[in-house]
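> Next up is a structure, given as structure tokens.
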Amino acid sequence: MEMSFRTLPDDQHGILVRRDEGPDVRLPAQPAGPSMPHDLVHAVVETALGIDDGFWGATARGATFQGFERHPGRHRRSGMKVLRRGGDAELRVAWAYRAWSGQPTEGHGVGPALLDAEARARTGPRLDAAAKRWTAVPVGGELVWRWGVDS
């Protein structure tokens with residue numbers, strides 16, 4: 001599966017996903033976020049930690065999510081059902097991003113650490129590299145991420 005993260009004017013981004021199973025899907029313009037798109041963070045962290053039952057693993061297997069537009073007439077599997085069965089991938093990605101971006105990782109409302117030092121050491125440098133790649137993409141350009149290949 002290949003994800004094309006496209007930069008758009010006004011700090012927006014869009015995503016085009018070409019996958020082997022299920023329809024190709026597109027996410028229309030969304031806010032890009034303070035450092036990079038949230039879905040790119042997912043791709044980086046899920047790859048670094050070997051999470052294959054998270055957002056992008058489910059998408060690769062043909063699941064679709066609200067907000068994504070899909071080619072009509074092809075099979076659709078609810079991504080939310082897949083993720084509910086998948087465990088804590090969303091929380092692990094959020095915790096990795098929190099630690100990487102310098103947000104508090106201890107204290108009220110944060111909960112227990114979901115990643116050990118080794119996992120943080122794997123995700124931090126990869127998030128650095130992805131943020132650098134994203135920042136270098138001009139408006140109208142794209143960052144291509146190949147699921148299971150890029151890190």
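Ordered as shown in the structure tokens, chains take letters A, B, and onward, while each chain numbers its residues from 1 and ligands are numbered from 1 in the order shown.
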So that I can check the surroundings of Val17 in chain A, please list as a PyMOL selection string every protein, DNA and RNA residue that reaches within 7 Å of it, counting only C-alpha atoms and ignoring chain neighbours fewer than 6 positions away.
chain A and resi 2-4+24-26
> Output all heavy atoms for every residue in that selection, as a PDB file, in the first residue's frame.

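Listed below is the output, out-v1.pdb:
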```pdb
ATOM      1  N   GLU A   2       0.425   2.230  -0.724  1.00  0.00           N
ATOM      2  CA  GLU A   2       1.162   3.482  -0.821  1.00  0.00           C
ATOM      3  C   GLU A   2       0.254   4.634  -0.411  1.00  0.00           C
ATOM      4  O   GLU A   2      -0.876   4.737  -0.870  1.00  0.00           O
ATOM      5  CB  GLU A   2       1.630   3.659  -2.262  1.00  0.00           C
ATOM      6  CG  GLU A   2       2.444   4.885  -2.508  1.00  0.00           C
ATOM      7  CD  GLU A   2       2.914   4.955  -3.938  1.00  0.00           C
ATOM      8  OE1 GLU A   2       3.950   4.338  -4.250  1.00  0.00           O
ATOM      9  OE2 GLU A   2       2.231   5.624  -4.744  1.00  0.00           O
ATOM     10  N   MET A   3       0.757   5.483   0.494  1.00  0.00           N
ATOM     11  CA  MET A   3       0.008   6.647   0.944  1.00  0.00           C
ATOM     12  C   MET A   3       0.723   7.890   0.438  1.00  0.00           C
ATOM     13  O   MET A   3       1.919   8.047   0.647  1.00  0.00           O
ATOM     14  CB  MET A   3      -0.056   6.707   2.469  1.00  0.00           C
ATOM     15  CG  MET A   3      -0.688   5.485   3.115  1.00  0.00           C
ATOM     16  SD  MET A   3       0.530   4.289   3.627  1.00  0.00           S
ATOM     17  CE  MET A   3       0.898   4.824   5.259  1.00  0.00           C
ATOM     18  N   SER A   4      -0.031   8.756  -0.207  1.00  0.00           N
ATOM     19  CA  SER A   4       0.509  10.010  -0.705  1.00  0.00           C
ATOM     20  C   SER A   4      -0.079  11.139   0.138  1.00  0.00           C
ATOM     21  O   SER A   4      -1.269  11.436   0.038  1.00  0.00           O
ATOM     22  CB  SER A   4       0.132  10.181  -2.178  1.00  0.00           C
ATOM     23  OG  SER A   4       0.527  11.457  -2.628  1.00  0.00           O
ATOM     24  N   ASP A  24      -9.132   1.994  -3.545  1.00  0.00           N
ATOM     25  CA  ASP A  24      -8.287   3.149  -3.262  1.00  0.00           C
ATOM     26  C   ASP A  24      -9.167   4.169  -2.568  1.00  0.00           C
ATOM     27  O   ASP A  24     -10.373   4.253  -2.828  1.00  0.00           O
ATOM     28  CB  ASP A  24      -7.741   3.755  -4.552  1.00  0.00           C
ATOM     29  CG  ASP A  24      -6.724   2.851  -5.233  1.00  0.00           C
ATOM     30  OD1 ASP A  24      -6.274   1.883  -4.613  1.00  0.00           O
ATOM     31  OD2 ASP A  24      -6.401   3.142  -6.394  1.00  0.00           O
ATOM     32  N   VAL A  25      -8.595   4.925  -1.651  1.00  0.00           N
ATOM     33  CA  VAL A  25      -9.369   5.912  -0.905  1.00  0.00           C
ATOM     34  C   VAL A  25      -8.631   7.238  -0.877  1.00  0.00           C
ATOM     35  O   VAL A  25      -7.421   7.296  -1.065  1.00  0.00           O
ATOM     36  CB  VAL A  25      -9.677   5.441   0.543  1.00  0.00           C
ATOM     37  CG1 VAL A  25     -10.613   4.252   0.543  1.00  0.00           C
ATOM     38  CG2 VAL A  25      -8.404   5.102   1.294  1.00  0.00           C
ATOM     39  N   ARG A  26      -9.408   8.300  -0.623  1.00  0.00           N
ATOM     40  CA  ARG A  26      -8.844   9.643  -0.563  1.00  0.00           C
ATOM     41  C   ARG A  26      -9.434  10.350   0.643  1.00  0.00           C
ATOM     42  O   ARG A  26     -10.620  10.252   0.920  1.00  0.00           O
ATOM     43  CB  ARG A  26      -9.211  10.385  -1.840  1.00  0.00           C
ATOM     44  CG  ARG A  26      -8.625  11.767  -1.957  1.00  0.00           C
ATOM     45  CD  ARG A  26      -8.986  12.396  -3.282  1.00  0.00           C
ATOM     46  NE  ARG A  26     -10.368  12.807  -3.352  1.00  0.00           N
ATOM     47  CZ  ARG A  26     -10.830  13.979  -2.908  1.00  0.00           C
ATOM     48  NH1 ARG A  26     -10.018  14.842  -2.350  1.00  0.00           N
ATOM     49  NH2 ARG A  26     -12.098  14.272  -3.010  1.00  0.00           N
TER      50      ARG A  26
END
```
> Applying 10 Å and only C-alpha atoms, which residues near Gly140 in chain A remain after dropping the ones on its own chain fewer than 2 positions away? List them as a PyMOL selection string.
chain A and resi 6-9+13+137-138+142
> Tell me, which residues of chain A carry DSSP helix (DSSP H, G or I), written as a PyMOL selection string?
chain A and resi 38-49+55-60+79-86+89-100+117-135
> List the spatial neighbours of range 37-46 of chain A as a ChimeraX atom specification - criterion: any atom at most 10 Å away, only C-alpha atoms, same-chain residues fewer than 4 positions off excluded.
/A:3-7,11-15,30-33,50-57,89-90,92-97,119-120,122-124,126-131,134,143,145-148,150-151
> Write out the residues from the selection above, keeping N, CA and C atoms, as a CSV table (one decimal), in the first residue's frame.

```csv
chain,number,residue,atom,x,y,z
A,3,MET,N,0.8,5.5,0.5
A,3,MET,CA,0.0,6.6,0.9
A,3,MET,C,0.7,7.9,0.4
A,4,SER,N,0.0,8.8,-0.2
A,4,SER,CA,0.5,10.0,-0.7
A,4,SER,C,-0.1,11.1,0.1
A,5,PHE,N,0.8,11.7,1.0
A,5,PHE,CA,0.4,12.8,1.8
A,5,PHE,C,0.6,14.1,1.1
A,6,ARG,N,-0.4,14.8,0.7
A,6,ARG,CA,-0.2,16.0,-0.2
A,6,ARG,C,-0.4,17.3,0.6
A,7,THR,N,0.5,18.2,0.5
A,7,THR,CA,0.4,19.5,1.1
A,7,THR,C,-0.6,20.4,0.3
A,11,ASP,N,-2.2,25.4,5.5
A,11,ASP,CA,-1.8,24.4,6.4
A,11,ASP,C,-2.7,23.2,6.4
A,12,GLN,N,-3.2,22.8,5.2
A,12,GLN,CA,-4.0,21.7,5.1
A,12,GLN,C,-3.3,20.6,4.4
A,13,HIS,N,-3.8,19.3,4.5
A,13,HIS,CA,-3.2,18.2,3.7
A,13,HIS,C,-4.4,17.3,3.3
A,14,GLY,N,-4.1,16.5,2.3
A,14,GLY,CA,-5.0,15.5,1.8
A,14,GLY,C,-4.2,14.2,1.7
A,15,ILE,N,-4.9,13.1,1.6
A,15,ILE,CA,-4.2,11.8,1.5
A,15,ILE,C,-4.8,11.0,0.4
A,30,GLN,N,-7.7,18.4,5.2
A,30,GLN,CA,-7.8,18.4,6.7
A,30,GLN,C,-6.6,19.3,7.2
A,31,PRO,N,-6.8,19.8,8.4
A,31,PRO,CA,-5.6,20.5,9.0
A,31,PRO,C,-4.4,19.6,9.1
A,32,ALA,N,-3.2,20.1,8.8
A,32,ALA,CA,-2.0,19.3,8.8
A,32,ALA,C,-1.5,19.0,10.2
A,33,GLY,N,-1.8,19.8,11.2
A,33,GLY,CA,-1.3,19.7,12.5
A,33,GLY,C,-0.1,20.5,12.8
A,50,GLY,N,6.1,-2.0,14.8
A,50,GLY,CA,5.6,-3.3,14.2
A,50,GLY,C,4.1,-3.5,14.5
A,51,ILE,N,3.3,-2.4,14.6
A,51,ILE,CA,1.9,-2.6,14.8
A,51,ILE,C,1.2,-2.8,13.5
A,52,ASP,N,0.6,-4.0,13.3
A,52,ASP,CA,0.0,-4.3,12.1
A,52,ASP,C,-1.6,-4.3,12.2
A,53,ASP,N,-2.0,-4.1,13.5
A,53,ASP,CA,-3.5,-4.1,13.7
A,53,ASP,C,-4.0,-2.7,14.0
A,54,GLY,N,-3.2,-1.7,13.7
A,54,GLY,CA,-3.7,-0.3,13.9
A,54,GLY,C,-4.4,0.3,12.7
A,55,PHE,N,-4.4,1.6,12.6
A,55,PHE,CA,-5.1,2.3,11.6
A,55,PHE,C,-4.6,1.9,10.2
A,56,TRP,N,-3.3,2.0,9.9
A,56,TRP,CA,-2.8,1.7,8.6
A,56,TRP,C,-2.8,0.2,8.3
A,57,GLY,N,-2.6,-0.6,9.2
A,57,GLY,CA,-2.7,-2.1,9.0
A,57,GLY,C,-4.1,-2.4,8.6
A,89,ALA,N,-3.5,0.2,19.8
A,89,ALA,CA,-2.6,0.9,18.8
A,89,ALA,C,-2.8,2.4,18.8
A,90,GLU,N,-4.0,2.9,18.9
A,90,GLU,CA,-4.3,4.4,18.9
A,90,GLU,C,-3.6,5.0,20.1
A,92,ARG,N,-1.0,3.9,21.8
A,92,ARG,CA,0.4,3.8,21.7
A,92,ARG,C,1.0,4.9,20.8
A,93,VAL,N,0.2,5.1,19.7
A,93,VAL,CA,0.6,6.2,18.7
A,93,VAL,C,0.5,7.5,19.4
A,94,ALA,N,-0.6,7.8,20.1
A,94,ALA,CA,-0.7,9.0,20.8
A,94,ALA,C,0.3,9.2,21.8
A,95,TRP,N,0.7,8.2,22.6
A,95,TRP,CA,1.7,8.3,23.6
A,95,TRP,C,3.1,8.6,23.0
A,96,ALA,N,3.4,7.9,21.9
A,96,ALA,CA,4.7,8.2,21.2
A,96,ALA,C,4.7,9.6,20.7
A,97,TYR,N,3.7,10.1,20.2
A,97,TYR,CA,3.6,11.5,19.7
A,97,TYR,C,3.8,12.4,20.9
A,119,ALA,N,11.1,1.4,23.0
A,119,ALA,CA,10.1,1.8,22.0
A,119,ALA,C,10.2,3.3,21.7
A,120,ARG,N,10.4,4.1,22.7
A,120,ARG,CA,10.6,5.5,22.5
A,120,ARG,C,11.9,5.8,21.7
A,122,ARG,N,13.0,3.9,19.4
A,122,ARG,CA,12.7,3.6,18.0
A,122,ARG,C,11.8,4.6,17.3
A,123,THR,N,10.9,5.2,18.1
A,123,THR,CA,9.9,6.1,17.5
A,123,THR,C,10.4,7.5,17.3
A,124,GLY,N,11.2,8.0,18.3
A,124,GLY,CA,11.6,9.4,18.3
A,124,GLY,C,12.4,9.8,17.1
A,126,ARG,N,12.5,8.3,14.2
A,126,ARG,CA,11.7,8.2,13.0
A,126,ARG,C,10.7,9.3,12.8
A,127,LEU,N,10.2,9.8,14.0
A,127,LEU,CA,9.3,10.9,13.9
A,127,LEU,C,10.1,12.2,13.5
A,128,ASP,N,11.3,12.3,14.0
A,128,ASP,CA,12.2,13.4,13.6
A,128,ASP,C,12.3,13.4,12.1
A,129,ALA,N,12.7,12.3,11.5
A,129,ALA,CA,12.9,12.2,10.1
A,129,ALA,C,11.7,12.4,9.3
A,130,ALA,N,10.5,11.9,9.7
A,130,ALA,CA,9.3,12.2,9.0
A,130,ALA,C,8.9,13.6,9.1
A,131,ALA,N,9.1,14.3,10.2
A,131,ALA,CA,8.7,15.7,10.3
A,131,ALA,C,9.6,16.5,9.4
A,134,TRP,N,8.3,16.0,5.9
A,134,TRP,CA,7.1,16.7,5.7
A,134,TRP,C,7.3,18.2,5.5
A,143,LEU,N,4.4,13.7,0.0
A,143,LEU,CA,5.3,12.8,0.6
A,143,LEU,C,4.7,11.4,0.5
A,145,TRP,N,4.6,7.5,1.3
A,145,TRP,CA,5.0,6.5,2.3
A,145,TRP,C,4.5,5.2,1.9
A,146,ARG,N,5.4,4.2,1.9
A,146,ARG,CA,5.0,2.8,1.5
A,146,ARG,C,4.9,2.0,2.7
A,147,TRP,N,3.6,1.5,3.0
A,147,TRP,CA,3.4,0.8,4.2
A,147,TRP,C,4.2,-0.5,4.2
A,148,GLY,N,4.8,-0.8,5.3
A,148,GLY,CA,5.6,-2.0,5.5
A,148,GLY,C,7.0,-1.9,4.8
A,150,ASP,N,8.7,1.8,4.2
A,150,ASP,CA,9.3,2.9,4.7
A,150,ASP,C,9.4,2.9,6.2
A,151,SER,N,10.4,3.6,6.7
A,151,SER,CA,10.5,3.7,8.2
A,151,SER,C,10.9,5.0,8.5
```
> Report the residues of chain A whose backbone DSSP state falls under strand (DSSP E), written as a PyMOL selection string.
chain A and resi 2-8+12-18+25-31+63-64+69-70+77-78+142-146
> So what do you get for CA of Pro28 in chain A versus CA of Thr47 in chain A, distance-wise?
23.7 Å
> Could you tell me how far CA of Gly62 in chain A sits from CA of Pro23 in chain A, in Å to one decimal place?
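If I compute the distance from CA of Pro23 in chain A to CA of Gly62 in chain A, I get 6.9 Å.
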